[in-house]
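Here's structure16.cif, which has mmCIF, C-alpha atoms:
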```
data_start
loop_
_atom_site.label_atom_id
_atom_site.label_comp_id
_atom_site.auth_asym_id
_atom_site.auth_seq_id
_atom_site.Cartn_x
_atom_site.Cartn_y
_atom_site.Cartn_z
CA MET Z 28 57.33 59.28 74.34
CA THR Z 29 59.73 57.07 72.36
CA SER Z 30 61.06 60.03 70.39
CA HIS Z 31 61.49 61.94 73.65
CA ILE Z 32 63.58 59.10 75.08
CA LYS Z 33 65.59 59.01 71.86
CA ASN Z 34 66.41 62.72 72.26
CA GLN Z 35 67.30 62.22 75.93
CA LEU Z 36 69.72 59.40 75.15
CA SER Z 37 71.17 61.34 72.23
CA ARG Z 38 71.93 64.27 74.57
CA LEU Z 39 73.66 61.83 76.90
CA GLY Z 40 75.73 60.49 74.00
CA ILE Z 41 74.15 57.03 74.17
CA GLU Z 42 72.81 56.04 70.77
CA PRO Z 43 72.22 52.59 69.24
CA PRO Z 44 75.66 52.41 67.58
CA ALA Z 45 77.23 53.06 70.99
CA GLY Z 46 77.05 49.37 71.86
CA ARG Z 47 75.17 46.91 74.01
CA VAL Z 48 72.96 48.06 76.89
CA LEU Z 49 72.10 46.21 80.11
CA LEU Z 50 68.61 47.12 81.37
CA GLY Z 51 67.38 46.39 84.88
CA VAL Z 52 63.92 44.83 84.47
CA SER Z 53 61.81 44.27 87.58
CA GLY Z 54 58.62 43.38 85.72
CA GLY Z 55 56.90 46.64 86.74
CA MET Z 56 55.33 49.09 84.31
CA ASP Z 57 58.33 51.44 84.13
CA SER Z 58 60.97 48.86 83.21
CA ILE Z 59 58.70 46.94 80.80
CA LEU Z 60 57.86 50.19 78.99
CA LEU Z 61 61.51 51.23 78.80
CA LEU Z 62 62.45 47.80 77.45
CA ARG Z 63 59.86 48.16 74.67
CA MET Z 64 61.02 51.67 73.77
CA LEU Z 65 64.71 50.71 73.64
CA LEU Z 66 63.91 47.81 71.32
CA GLU Z 67 61.82 50.11 69.15
CA LEU Z 68 64.84 52.43 68.93
CA GLU Z 69 66.95 49.42 67.86
CA TYR Z 70 69.23 49.26 70.87
CA ASP Z 71 71.06 45.99 71.52
CA VAL Z 72 69.44 45.24 74.89
CA HIS Z 73 70.22 42.59 77.49
CA ALA Z 74 67.80 42.38 80.45
CA ALA Z 75 68.85 41.83 84.07
CA HIS Z 76 66.44 40.71 86.81
CA VAL Z 77 67.16 40.15 90.52
CA ASN Z 78 64.96 37.77 92.49
CA TYR Z 79 65.56 38.56 96.16
CA GLY Z 80 62.97 35.99 97.22
CA LEU Z 81 61.64 38.36 99.89
CA ARG Z 82 57.99 37.94 98.81
CA GLY Z 83 58.04 34.19 98.25
CA GLU Z 84 55.75 33.12 95.41
CA GLU Z 85 55.24 36.74 94.30
CA SER Z 86 59.00 37.16 93.76
CA ASP Z 87 59.10 33.93 91.75
CA GLY Z 88 56.07 35.15 89.80
CA ASP Z 89 57.91 38.35 88.88
CA GLU Z 90 60.86 36.34 87.63
CA GLU Z 91 58.65 34.02 85.59
CA PHE Z 92 56.84 37.03 84.07
CA VAL Z 93 60.15 38.70 83.07
CA ARG Z 94 61.39 35.42 81.59
CA ARG Z 95 58.21 35.14 79.49
CA VAL Z 96 58.32 38.76 78.26
CA THR Z 97 62.01 38.70 77.31
CA ALA Z 98 61.56 35.36 75.53
CA GLU Z 99 58.70 36.79 73.48
CA LEU Z 100 60.85 39.80 72.58
CA ASN Z 101 63.91 37.66 71.89
CA VAL Z 102 65.93 39.55 74.53
CA GLU Z 103 68.71 37.75 76.39
CA LEU Z 104 67.94 37.66 80.11
CA HIS Z 105 70.33 37.45 83.08
CA VAL Z 106 68.82 36.44 86.43
CA LEU Z 107 70.31 36.61 89.93
CA ARG Z 108 68.53 34.52 92.58
CA VAL Z 109 69.48 35.55 96.11
CA GLU Z 110 69.80 32.90 98.82
CA GLN Z 111 67.60 33.82 101.79
CA HIS Z 112 70.35 33.25 104.33
CA ALA Z 113 72.30 36.07 102.66
CA VAL Z 114 69.57 38.67 103.28
CA PRO Z 115 70.34 40.91 106.30
CA ASP Z 116 67.74 41.67 108.96
CA THR Z 117 68.28 45.45 108.72
CA GLY Z 118 69.33 47.91 106.03
CA ARG Z 119 67.85 45.71 103.33
CA GLN Z 120 67.25 48.42 100.74
CA GLU Z 121 70.85 49.67 100.77
CA TRP Z 122 72.14 46.10 100.84
CA ALA Z 123 69.92 45.18 97.88
CA ARG Z 124 71.07 48.20 95.86
CA ASN Z 125 74.75 47.46 96.47
CA LEU Z 126 74.25 43.78 95.58
CA ARG Z 127 72.33 44.70 92.45
CA TYR Z 128 74.84 47.25 91.22
CA ARG Z 129 77.84 44.95 91.77
CA TRP Z 130 76.05 42.21 89.88
CA PHE Z 131 75.15 44.65 87.11
CA GLU Z 132 78.83 45.47 86.71
CA GLU Z 133 79.76 41.80 86.45
CA ARG Z 134 77.13 41.26 83.75
CA CYS Z 135 78.32 44.35 81.85
CA ARG Z 136 81.87 42.99 81.82
CA GLU Z 137 80.54 39.64 80.64
CA ILE Z 138 78.52 41.06 77.71
CA GLU Z 139 81.03 43.85 76.93
CA SER Z 140 78.68 46.69 77.80
CA ARG Z 141 79.58 50.04 79.34
CA CYS Z 142 76.04 51.08 80.22
CA VAL Z 143 73.37 50.02 82.71
CA MET Z 144 69.91 51.58 82.41
CA THR Z 145 67.16 51.77 84.99
CA ALA Z 146 63.58 53.05 84.67
CA HIS Z 147 63.57 55.64 87.49
CA HIS Z 148 61.18 58.50 86.68
CA LEU Z 149 60.30 61.95 88.00
CA ASP Z 150 58.05 60.68 90.80
CA ASP Z 151 60.96 58.51 92.01
CA GLN Z 152 63.15 61.62 91.83
CA LEU Z 153 60.76 63.62 94.02
CA GLU Z 154 60.62 60.80 96.57
CA THR Z 155 64.43 60.63 96.63
CA VAL Z 156 64.75 64.37 97.28
CA LEU Z 157 62.13 64.28 100.03
CA LEU Z 158 63.80 61.29 101.68
CA ASN Z 159 67.17 63.05 101.49
CA LEU Z 160 65.72 66.20 103.05
CA GLY Z 161 64.19 64.14 105.82
CA ARG Z 162 67.64 62.74 106.61
CA GLY Z 163 69.16 66.24 106.80
CA THR Z 164 70.91 66.16 103.45
CA GLY Z 165 73.23 68.81 102.03
CA PRO Z 166 72.86 70.48 98.62
CA SER Z 167 73.93 67.38 96.72
CA GLY Z 168 70.98 65.47 98.13
CA VAL Z 169 68.58 68.14 96.86
CA CYS Z 170 69.93 67.47 93.35
CA GLY Z 171 68.44 64.00 93.58
CA MET Z 172 69.44 61.33 91.08
CA SER Z 173 71.64 62.21 88.11
CA PRO Z 174 70.55 61.20 84.58
CA THR Z 175 73.94 59.56 84.21
CA ARG Z 176 76.81 58.77 86.55
CA PRO Z 177 79.32 55.98 87.25
CA LEU Z 178 77.54 52.89 88.58
CA PHE Z 179 79.73 53.30 91.68
CA VAL Z 180 83.06 54.89 92.52
CA GLY Z 181 85.98 53.42 90.63
CA THR Z 182 84.12 51.84 87.71
CA ASP Z 183 83.86 52.89 84.08
CA ILE Z 184 80.35 51.42 83.80
CA GLN Z 185 77.76 54.19 83.49
CA LEU Z 186 74.35 54.17 85.17
CA VAL Z 187 71.81 55.88 82.90
CA ARG Z 188 68.23 56.90 83.80
CA PRO Z 189 66.54 58.03 80.55
CA LEU Z 190 63.04 58.37 82.08
CA LEU Z 191 64.07 60.70 84.88
CA ASP Z 192 62.10 63.72 83.63
CA ALA Z 193 58.94 61.75 82.78
CA THR Z 194 56.12 61.47 85.33
CA ARG Z 195 54.54 58.21 86.44
CA ARG Z 196 51.23 59.39 84.94
CA GLU Z 197 52.84 60.07 81.55
CA LEU Z 198 54.44 56.63 81.58
CA ALA Z 199 51.18 54.97 82.56
CA GLU Z 200 49.36 56.68 79.68
CA GLU Z 201 52.06 55.52 77.26
CA ALA Z 202 51.92 51.95 78.61
CA LYS Z 203 48.12 51.95 78.24
CA ARG Z 204 48.33 53.12 74.62
CA ALA Z 205 50.81 50.31 73.92
CA ASN Z 206 48.52 47.73 75.60
CA LEU Z 207 51.38 46.60 77.85
CA ILE Z 208 51.02 44.07 80.65
CA TRP Z 209 53.18 44.30 83.77
CA ARG Z 210 53.43 43.11 87.38
CA GLU Z 211 52.59 45.27 90.40
CA ASP Z 212 55.05 44.93 93.28
CA ALA Z 213 53.06 44.48 96.48
CA SER Z 214 55.96 45.88 98.52
CA ASN Z 215 55.24 49.29 96.96
CA ALA Z 216 52.20 49.49 99.23
CA SER Z 217 54.04 48.25 102.33
CA GLU Z 218 54.64 50.62 105.23
CA LEU Z 219 57.72 48.59 106.20
CA PHE Z 220 59.92 50.43 103.70
CA GLU Z 221 60.66 54.13 104.06
CA ARG Z 222 60.15 54.94 100.37
CA SER Z 223 56.91 52.96 100.18
CA ALA Z 224 55.55 54.72 103.26
CA LEU Z 225 56.37 58.12 101.73
CA ARG Z 226 54.77 57.08 98.43
CA ASN Z 227 51.56 56.15 100.25
CA GLU Z 228 51.48 59.54 101.96
CA LEU Z 229 51.92 61.35 98.64
CA LYS Z 230 49.02 59.36 97.18
CA LEU Z 231 46.73 60.97 99.75
CA MET Z 232 47.30 64.39 98.17
CA PRO Z 233 44.62 65.65 95.75
CA GLU Z 234 45.78 65.01 92.19
CA LYS Z 235 46.01 68.70 91.28
CA GLU Z 236 48.08 69.53 94.37
CA TYR Z 237 50.33 66.53 93.80
CA HIS Z 238 50.89 67.58 90.18
CA GLU Z 239 51.86 71.11 91.30
CA PHE Z 240 54.12 69.63 93.98
CA LEU Z 241 55.73 67.38 91.37
CA GLU Z 242 56.38 70.30 89.00
CA ALA Z 243 57.87 72.34 91.85
CA GLY Z 244 60.16 69.42 92.60
CA ARG Z 245 61.15 69.21 88.94
CA SER Z 246 62.03 72.91 88.92
CA LEU Z 247 64.02 72.64 92.15
CA VAL Z 248 66.00 69.62 90.97
CA SER Z 249 66.68 71.27 87.60
CA SER Z 250 67.94 74.48 89.24
CA MET Z 251 70.14 72.61 91.70
CA ALA Z 252 71.52 70.41 88.92
CA GLU Z 253 72.46 73.51 86.92
CA LEU Z 254 74.15 75.01 89.97
CA ARG Z 255 75.99 71.74 90.53
CA LYS Z 256 77.18 71.76 86.90
CA ARG Z 257 78.54 75.30 87.34
CA ILE Z 258 80.35 74.24 90.51
CA LYS Z 259 81.84 71.21 88.74
CA ASP Z 260 83.02 73.43 85.90
CA GLN Z 261 84.59 75.79 88.44
CA VAL Z 262 86.32 72.88 90.16
CA ARG Z 263 87.73 71.64 86.83
CA GLU Z 264 89.18 75.09 86.14
CA ALA Z 265 90.61 75.50 89.64
CA GLU Z 266 93.70 73.33 89.02
CA ALA Z 267 93.35 71.67 92.42
CA CYS Z 268 93.62 74.87 94.45
CA PHE Z 269 90.90 77.11 95.87
CA SER Z 270 91.09 80.65 97.17
CA ILE Z 271 90.41 80.81 100.90
CA ASP Z 272 88.92 84.30 100.59
CA GLU Z 273 86.52 83.15 97.86
CA LEU Z 274 85.45 80.10 99.85
CA ARG Z 275 84.78 82.26 102.89
CA SER Z 276 82.79 84.79 100.87
CA ALA Z 277 80.66 81.95 99.40
CA GLY Z 278 79.39 81.06 102.86
CA PRO Z 279 79.52 77.65 104.59
CA TRP Z 280 76.68 76.02 102.63
CA LEU Z 281 78.05 76.75 99.14
CA ALA Z 282 81.72 76.47 100.14
CA LYS Z 283 81.21 72.94 101.49
CA TRP Z 284 79.42 71.98 98.30
CA ILE Z 285 82.35 73.28 96.23
CA LEU Z 286 84.76 71.33 98.42
CA LEU Z 287 82.62 68.20 98.17
CA GLU Z 288 82.76 68.40 94.36
CA ALA Z 289 86.53 68.94 94.58
CA ILE Z 290 86.87 65.89 96.82
CA THR Z 291 84.85 63.83 94.33
CA MET Z 292 87.04 64.98 91.46
CA TYR Z 293 90.51 64.91 93.02
CA ALA Z 294 90.01 62.14 95.58
CA PRO Z 295 87.45 59.77 93.98
CA ASP Z 296 88.45 56.97 96.36
CA THR Z 297 87.18 59.03 99.31
CA PRO Z 298 83.53 58.47 100.31
CA ARG Z 299 81.33 61.42 99.35
CA ARG Z 300 80.15 62.52 102.79
CA GLY Z 301 79.23 65.84 104.32
CA THR Z 302 81.47 65.08 107.31
CA THR Z 303 84.47 64.91 104.97
CA ALA Z 304 83.61 68.30 103.48
CA ASP Z 305 83.22 69.67 107.03
CA LYS Z 306 86.71 68.46 107.92
CA VAL Z 307 88.26 70.14 104.87
CA TYR Z 308 86.19 73.31 105.41
CA ARG Z 309 87.63 73.66 108.92
CA LEU Z 310 91.06 74.15 107.35
CA LEU Z 311 89.93 77.68 106.40
CA ASP Z 312 90.31 78.72 110.06
CA SER Z 313 93.34 76.59 110.86
CA GLN Z 314 97.05 77.44 110.85
CA VAL Z 315 99.07 77.50 107.66
CA GLY Z 316 100.57 74.06 107.10
CA ARG Z 317 97.64 72.09 108.48
CA LYS Z 318 96.42 69.26 106.29
CA VAL Z 319 93.64 66.69 105.88
CA LEU Z 320 94.33 63.22 104.44
CA LEU Z 321 91.77 61.92 101.93
CA ASN Z 322 93.20 58.52 100.98
CA SER Z 323 95.13 59.27 97.77
CA VAL Z 324 95.05 63.06 98.26
CA VAL Z 325 96.29 65.53 100.88
CA VAL Z 326 94.51 68.88 101.28
CA TRP Z 327 96.95 71.53 102.53
CA ARG Z 328 96.12 74.82 104.18
CA GLU Z 329 98.45 77.33 102.50
CA ARG Z 330 98.57 81.06 103.13
CA ASN Z 331 95.88 82.05 100.67
CA GLN Z 332 94.47 78.81 99.35
CA LEU Z 333 93.54 75.19 99.94
CA LEU Z 334 95.67 72.92 97.80
CA PHE Z 335 94.77 69.36 96.73
CA ARG Z 336 97.88 67.26 96.10
CA LYS Z 337 98.58 63.57 95.62
CA ASN Z 338 99.41 61.72 98.81
CA PRO Z 339 102.86 60.20 98.13
CA GLU Z 340 102.23 57.39 100.61
CA GLN Z 341 99.25 56.27 98.52
CA ASP Z 342 100.35 56.88 94.93
CA GLY Z 343 103.74 55.16 95.27
CA ALA Z 344 105.82 58.30 94.80
CA GLU Z 345 109.16 58.29 96.62
CA ARG Z 346 109.54 61.30 98.89
CA GLU Z 347 112.42 59.94 100.97
CA PHE Z 348 115.92 59.04 99.80
CA THR Z 349 115.92 55.44 100.99
CA SER Z 350 118.53 53.79 98.72
CA GLU Z 351 121.06 54.07 101.52
CA ALA Z 352 120.47 54.14 105.25
CA ASP Z 353 121.38 57.84 105.39
CA GLY Z 354 120.46 58.89 101.85
CA LEU Z 355 121.90 58.59 98.36
CA ARG Z 356 125.64 58.64 97.72
CA ILE Z 357 126.36 61.22 95.04
CA SER Z 358 128.58 60.38 92.06
CA LEU Z 359 131.33 62.97 91.80
CA PRO Z 360 131.65 63.76 88.97
CA GLY Z 361 128.48 62.31 87.45
CA ALA Z 362 124.68 62.41 87.43
CA THR Z 363 122.63 60.78 90.19
CA ILE Z 364 118.96 59.97 89.65
CA CYS Z 365 117.07 60.95 92.79
CA PRO Z 366 113.45 61.11 93.93
CA GLY Z 367 112.07 64.25 92.32
CA GLY Z 368 114.95 64.95 89.96
CA VAL Z 369 118.56 64.45 88.87
CA LEU Z 370 121.65 65.89 90.56
CA GLU Z 371 124.51 66.57 88.14
CA CYS Z 372 127.93 67.30 89.61
CA ILE Z 373 131.17 68.27 87.88
CA ILE Z 374 134.59 69.32 89.21
CA LEU Z 375 136.21 72.52 87.92
CA GLU Z 376 139.99 72.76 88.32
CA ASN Z 377 142.62 75.29 87.27
CA GLU Z 378 140.00 77.88 86.42
CA THR Z 379 139.56 81.45 87.58
CA HIS Z 380 136.36 81.86 89.57
CA THR Z 381 134.67 84.92 90.94
CA THR Z 382 134.50 85.02 94.70
CA ASP Z 383 131.19 86.93 94.63
CA ALA Z 384 129.17 84.08 96.16
CA VAL Z 385 125.82 85.79 95.61
CA LYS Z 386 126.38 86.23 91.86
CA LEU Z 387 127.98 82.81 91.52
CA ASN Z 388 124.95 81.13 93.08
CA ALA Z 389 122.24 83.39 91.65
CA ASP Z 390 120.45 80.42 90.09
CA LYS Z 391 118.91 78.56 93.03
CA ASN Z 392 119.17 75.24 91.21
CA ILE Z 393 122.90 75.57 90.57
CA VAL Z 394 125.61 76.01 93.22
CA HIS Z 395 129.39 76.28 93.20
CA PHE Z 396 131.27 75.39 96.37
CA ASP Z 397 134.79 74.79 97.61
CA ALA Z 398 135.61 71.10 97.10
CA ALA Z 399 138.22 71.20 99.84
CA ARG Z 400 135.54 71.97 102.41
CA ALA Z 401 133.72 68.71 101.60
CA ARG Z 402 136.09 66.39 103.44
CA GLU Z 403 133.79 63.36 103.20
CA GLU Z 404 131.59 61.91 100.48
CA LEU Z 405 128.49 63.80 99.48
CA ILE Z 406 125.10 62.43 100.52
CA LEU Z 407 121.69 63.59 99.34
CA ARG Z 408 118.70 63.13 101.64
CA THR Z 409 115.53 64.93 102.66
CA TRP Z 410 115.90 67.45 105.45
CA ARG Z 411 115.00 66.33 108.96
CA ALA Z 412 113.65 67.98 112.05
CA GLY Z 413 116.55 69.61 113.87
CA ASP Z 414 118.72 70.08 110.75
CA ARG Z 415 120.64 73.36 110.96
CA PHE Z 416 122.91 75.21 108.53
CA TYR Z 417 124.51 78.63 107.90
CA PRO Z 418 122.50 80.25 105.05
CA LEU Z 419 124.69 82.16 102.60
CA GLY Z 420 124.41 85.89 103.22
CA LEU Z 421 122.92 85.60 106.71
CA ASP Z 422 124.60 85.91 110.06
CA GLY Z 423 124.71 82.76 112.12
CA SER Z 424 122.95 79.43 111.80
CA LYS Z 425 119.31 78.66 111.25
CA LYS Z 426 117.13 75.59 111.36
CA VAL Z 427 116.20 74.37 107.90
CA LYS Z 428 112.53 74.32 108.89
CA SER Z 429 112.65 77.97 109.98
CA PHE Z 430 114.57 78.97 106.85
CA LEU Z 431 111.99 77.35 104.54
CA THR Z 432 109.21 79.06 106.47
CA ASP Z 433 110.95 82.43 106.12
CA GLN Z 434 111.33 81.79 102.39
CA LYS Z 435 107.55 81.30 102.22
CA ILE Z 436 107.89 77.80 100.78
CA PRO Z 437 104.36 76.30 100.83
CA SER Z 438 103.90 73.71 103.55
CA SER Z 439 102.91 71.13 100.94
CA ASN Z 440 106.30 71.53 99.20
CA ARG Z 441 108.61 71.55 102.21
CA ASP Z 442 108.75 67.89 103.23
CA GLY Z 443 110.32 66.67 100.00
CA ILE Z 444 113.10 69.28 99.75
CA PRO Z 445 116.51 67.53 99.70
CA VAL Z 446 119.75 68.64 101.33
CA LEU Z 447 123.29 67.89 100.18
CA VAL Z 448 125.37 66.77 103.17
CA SER Z 449 129.07 66.15 103.80
CA GLY Z 450 130.31 64.71 107.09
CA GLY Z 451 127.05 65.58 108.81
CA GLU Z 452 127.16 69.22 107.67
CA ILE Z 453 124.63 70.65 105.24
CA VAL Z 454 126.36 71.96 102.12
CA TRP Z 455 123.28 73.00 100.20
CA VAL Z 456 119.56 73.13 100.83
CA VAL Z 457 118.82 72.07 97.28
CA GLY Z 458 117.08 74.66 95.18
CA GLN Z 459 117.22 77.16 98.05
CA ARG Z 460 120.55 78.27 99.56
CA LEU Z 461 124.23 77.31 99.83
CA ASP Z 462 125.84 77.04 103.26
CA GLU Z 463 128.05 80.05 104.03
CA ARG Z 464 130.92 77.80 105.13
CA TYR Z 465 131.24 76.25 101.67
CA LYS Z 466 131.39 79.39 99.55
CA ILE Z 467 134.35 79.94 97.23
CA SER Z 468 137.24 82.05 98.54
CA PRO Z 469 140.42 83.47 96.92
CA ASP Z 470 142.24 80.36 98.18
CA THR Z 471 139.87 77.90 96.51
CA GLU Z 472 141.69 75.57 94.11
CA LYS Z 473 138.97 73.11 93.17
CA VAL Z 474 135.28 73.90 92.68
CA VAL Z 475 132.30 71.53 92.66
CA ARG Z 476 129.43 72.65 90.47
CA CYS Z 477 126.08 70.98 91.26
CA ALA Z 478 122.91 71.41 89.20
CA TRP Z 479 119.51 70.16 90.35
CA ILE Z 480 117.21 69.21 87.48
CA GLU Z 481 113.64 68.69 88.68
CA GLU Z 482 111.43 66.01 87.11
#
```

Written as structure tokens, how would this file's structure read?
Amino acid sequence: MTSHIKNQLSRLGIEPPAGRVLLGVSGGMDSILLLRMLLELEYDVHAAHVNYGLRGEESDGDEEFVRRVTAELNVELHVLRVEQHAVPDTGRQEWARNLRYRWFEERCREIESRCVMTAHHLDDQLETVLLNLGRGTGPSGVCGMSPTRPLFVGTDIQLVRPLLDATRRELAEEAKRANLIWREDASNASELFERSALRNELKLMPEKEYHEFLEAGRSLVSSMAELRKRIKDQVREAEACFSIDELRSAGPWLAKWILLEAITMYAPDTPRRGTTADKVYRLLDSQVGRKVLLNSVVVWRERNQLLFRKNPEQDGAEREFTSEADGLRISLPGATICPGGVLECIILENETHTTDAVKLNADKNIVHFDAARAREELILRTWRAGDRFYPLGLDGSKKVKSFLTDQKIPSSNRDGIPVLVSGGEIVWVVGQRLDERYKISPDTEKVVRCAWIEE
């Protein structure tokens, strides 16, 4: 068994030279056995025990037992004693897990560890999957517990479960061979807790049937974990955009799973919930330009894909030109640093210029216009609802919004597009089109050349 655990940890990249390990030790058979095996493998182990005080003298007895065992093994022990007034009346198991994990992180920071281990095993895994199914879980819930994952969202501390593919019976046989002594938690037999009640029902199954059930659960979890890995790999290669046709062809069940993995990867500060995946999935049948906000990320519905992009309001990026009340005053001549790029302007005098406006402005990021037409200073700002201009080469005026739509500019890229303005008139929709009224004519004496250099 010890060599098996060694191989498991090696596959996870967690070997003795990797540093100190914090192990959650309840005093039960599983955690005492894992503690012994880690020490045998020469890991630098610190033990962590939480006394919730929910079972009175029994809880104190568990703590005393763990103190005695760790002292005998010369293992440093960290103990958290929970004040009874802090224990909620409902939702105790979830509350206890959150409290425990937060405390584990604090201890890891204190001892300079990046790894917390727990002694969850295959029987625990089966119970977790069954409980998830009973709550109406999605595919992620069928995967059960991962061998390794972040302790919680936003931390670099890893939670590792090296016994996850070992059965309770296998562990019990190993503990018996090692002549180990441990404490039995009376709450495991209590019908007050959902997991304990399920465990008691499973114990009623004949041993042979339970063993077959356990192996079927192992196979299911393994298959789902492999599928999840493939989905994660696909998400990593997707570059934050997903084909709408491919998502539709995958079907709702698999498509939502793919989106849930994408949400976890691109918007890790968003709770991993099926309702969130449902909301994003509904974009498939919505209008182009619709979006869903996921804290630091915006998911846009484009023509052929869903696009995950940073939410500028959350990541601090400037999308509006707010240096001046009405935008940025442009240095002429000179270079002006703007949100999203740099605008370089020079004045060309006493030169012969072609009057073919289309050829002259063939590069969308460079325009030449008649300086005499710009009677007031040049201002750069983002376009606004209602803005209208006369696109070069078209008859009449057009709203900027309609023009960008006609140009098939993705909805996610439209809001930040700047316009160069003079006296309230749009001179240039930057990177898109010059205004017809500002094109060079045979009478032009002075030309302004503007180049937009994107970041």

request  = Please write as a ChimeraX atom specification the list of polymer residues whose atoms come within 9 Å of (89.4, 54.6, 98.1), counting all atoms listed in the file and keeping to the coordinates of the file.
outcome  = /Z:180-181,294-298,321-323

ask   = If you count only C-alpha atoms, which residues fall within 9 Å of region 135-145 of chain Z, apart from same-chain ones fewer than 2 positions away, as a ChimeraX atom specification?
value = /Z:41,46-52,57-58,61,73,130-133,147,178,183-190

Create the file for the chosen residues now, containing C-alpha atoms and written as a CSV table (one decimal), keeping the file's coordinate frame.
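Result file part_11.csv:
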```
chain,number,residue,atom,x,y,z
Z,41,ILE,CA,74.2,57.0,74.2
Z,46,GLY,CA,77.0,49.4,71.9
Z,47,ARG,CA,75.2,46.9,74.0
Z,48,VAL,CA,73.0,48.1,76.9
Z,49,LEU,CA,72.1,46.2,80.1
Z,50,LEU,CA,68.6,47.1,81.4
Z,51,GLY,CA,67.4,46.4,84.9
Z,52,VAL,CA,63.9,44.8,84.5
Z,57,ASP,CA,58.3,51.4,84.1
Z,58,SER,CA,61.0,48.9,83.2
Z,61,LEU,CA,61.5,51.2,78.8
Z,73,HIS,CA,70.2,42.6,77.5
Z,130,TRP,CA,76.0,42.2,89.9
Z,131,PHE,CA,75.2,44.6,87.1
Z,132,GLU,CA,78.8,45.5,86.7
Z,133,GLU,CA,79.8,41.8,86.4
Z,147,HIS,CA,63.6,55.6,87.5
Z,178,LEU,CA,77.5,52.9,88.6
Z,183,ASP,CA,83.9,52.9,84.1
Z,184,ILE,CA,80.4,51.4,83.8
Z,185,GLN,CA,77.8,54.2,83.5
Z,186,LEU,CA,74.4,54.2,85.2
Z,187,VAL,CA,71.8,55.9,82.9
Z,188,ARG,CA,68.2,56.9,83.8
Z,189,PRO,CA,66.5,58.0,80.6
Z,190,LEU,CA,63.0,58.4,82.1
```

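Applied to the file shown here, the PyMOL selection byres ((chain Z and resi 410) around 9) selects Arg408, Thr409, Arg411, Ala412, Gly413, Asp414, Val427, Lys428, Arg441, Asp442, Gly443, Ile444, Pro445, Val446 and Val456 of chain Z.
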
Since we have the selection now, will you write its residues out, keeping C-alpha atoms, as a CSV table (one decimal), keeping the file's coordinate frame?
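The resulting file, part-v8.csv, is reproduced below:
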```
chain,number,residue,atom,x,y,z
Z,408,ARG,CA,118.7,63.1,101.6
Z,409,THR,CA,115.5,64.9,102.7
Z,411,ARG,CA,115.0,66.3,109.0
Z,412,ALA,CA,113.6,68.0,112.0
Z,413,GLY,CA,116.6,69.6,113.9
Z,414,ASP,CA,118.7,70.1,110.8
Z,427,VAL,CA,116.2,74.4,107.9
Z,428,LYS,CA,112.5,74.3,108.9
Z,441,ARG,CA,108.6,71.6,102.2
Z,442,ASP,CA,108.8,67.9,103.2
Z,443,GLY,CA,110.3,66.7,100.0
Z,444,ILE,CA,113.1,69.3,99.8
Z,445,PRO,CA,116.5,67.5,99.7
Z,446,VAL,CA,119.8,68.6,101.3
Z,456,VAL,CA,119.6,73.1,100.8
```

remark   = Pairwise distance, CA of Leu191 (chain Z) with CA of Asp151 (chain Z), equals 8.1 Å

List the residues matched by the PyMOL selection byres ((chain Z and resi 172) around 10) in the displayed structure as an mmCIF file with C-alpha atoms, keeping the file's coordinate frame, ordered by chain and then by residue number.
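Contents of part-v7.cif, freshly written:
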```cif
data_model
loop_
_atom_site.group_PDB
_atom_site.id
_atom_site.type_symbol
_atom_site.label_atom_id
_atom_site.label_comp_id
_atom_site.auth_asym_id
_atom_site.auth_seq_id
_atom_site.Cartn_x
_atom_site.Cartn_y
_atom_site.Cartn_z
ATOM 1 C CA HIS Z 147 63.570 55.640 87.490
ATOM 2 C CA HIS Z 148 61.180 58.500 86.680
ATOM 3 C CA LEU Z 149 60.300 61.950 88.000
ATOM 4 C CA ASP Z 151 60.960 58.510 92.010
ATOM 5 C CA GLN Z 152 63.150 61.620 91.830
ATOM 6 C CA LEU Z 153 60.760 63.620 94.020
ATOM 7 C CA THR Z 155 64.430 60.630 96.630
ATOM 8 C CA VAL Z 156 64.750 64.370 97.280
ATOM 9 C CA SER Z 167 73.930 67.380 96.720
ATOM 10 C CA GLY Z 168 70.980 65.470 98.130
ATOM 11 C CA VAL Z 169 68.580 68.140 96.860
ATOM 12 C CA CYS Z 170 69.930 67.470 93.350
ATOM 13 C CA GLY Z 171 68.440 64.000 93.580
ATOM 14 C CA SER Z 173 71.640 62.210 88.110
ATOM 15 C CA PRO Z 174 70.550 61.200 84.580
ATOM 16 C CA THR Z 175 73.940 59.560 84.210
ATOM 17 C CA ARG Z 176 76.810 58.770 86.550
ATOM 18 C CA ARG Z 188 68.230 56.900 83.800
ATOM 19 C CA LEU Z 191 64.070 60.700 84.880
ATOM 20 C CA VAL Z 248 66.000 69.620 90.970
ATOM 21 C CA ALA Z 252 71.520 70.410 88.920
#
```

key: Nearest-residue call for Glu371 (chain Z), choices Z:Ala304, Z:Ile290, Z:Ile480, Z:Ala146, using all atoms listed in the file   = Z:Ile480

ask   = Exactly which residues make up the result of the PyMOL selection byres ((chain Z and resi 286) around 9) on this file, given as a ChimeraX atom specification?
value = /Z:262,269,274,281-285,287-291,304-305,307-308

request  = Using only C-alpha atoms, find all polymer residues with an atom at most 10 Å away from the point (128.1, 74.8, 102.7); report them as a PyMOL selection string.
outcome  = chain Z and resi 394-397+400-401+416-419+447-449+452-456+460-467

request  = Determine, counting all atoms listed in the file, which protein, DNA and RNA residues have an atom within 10 Å of an atom of Glu329 (chain Z); residues of the same chain fewer than 2 positions away are not included. Present the result as an MDAnalysis selection string.
outcome  = chainID Z and resid 268 270:271 310:311 313:318 326:327 331:334 435:439
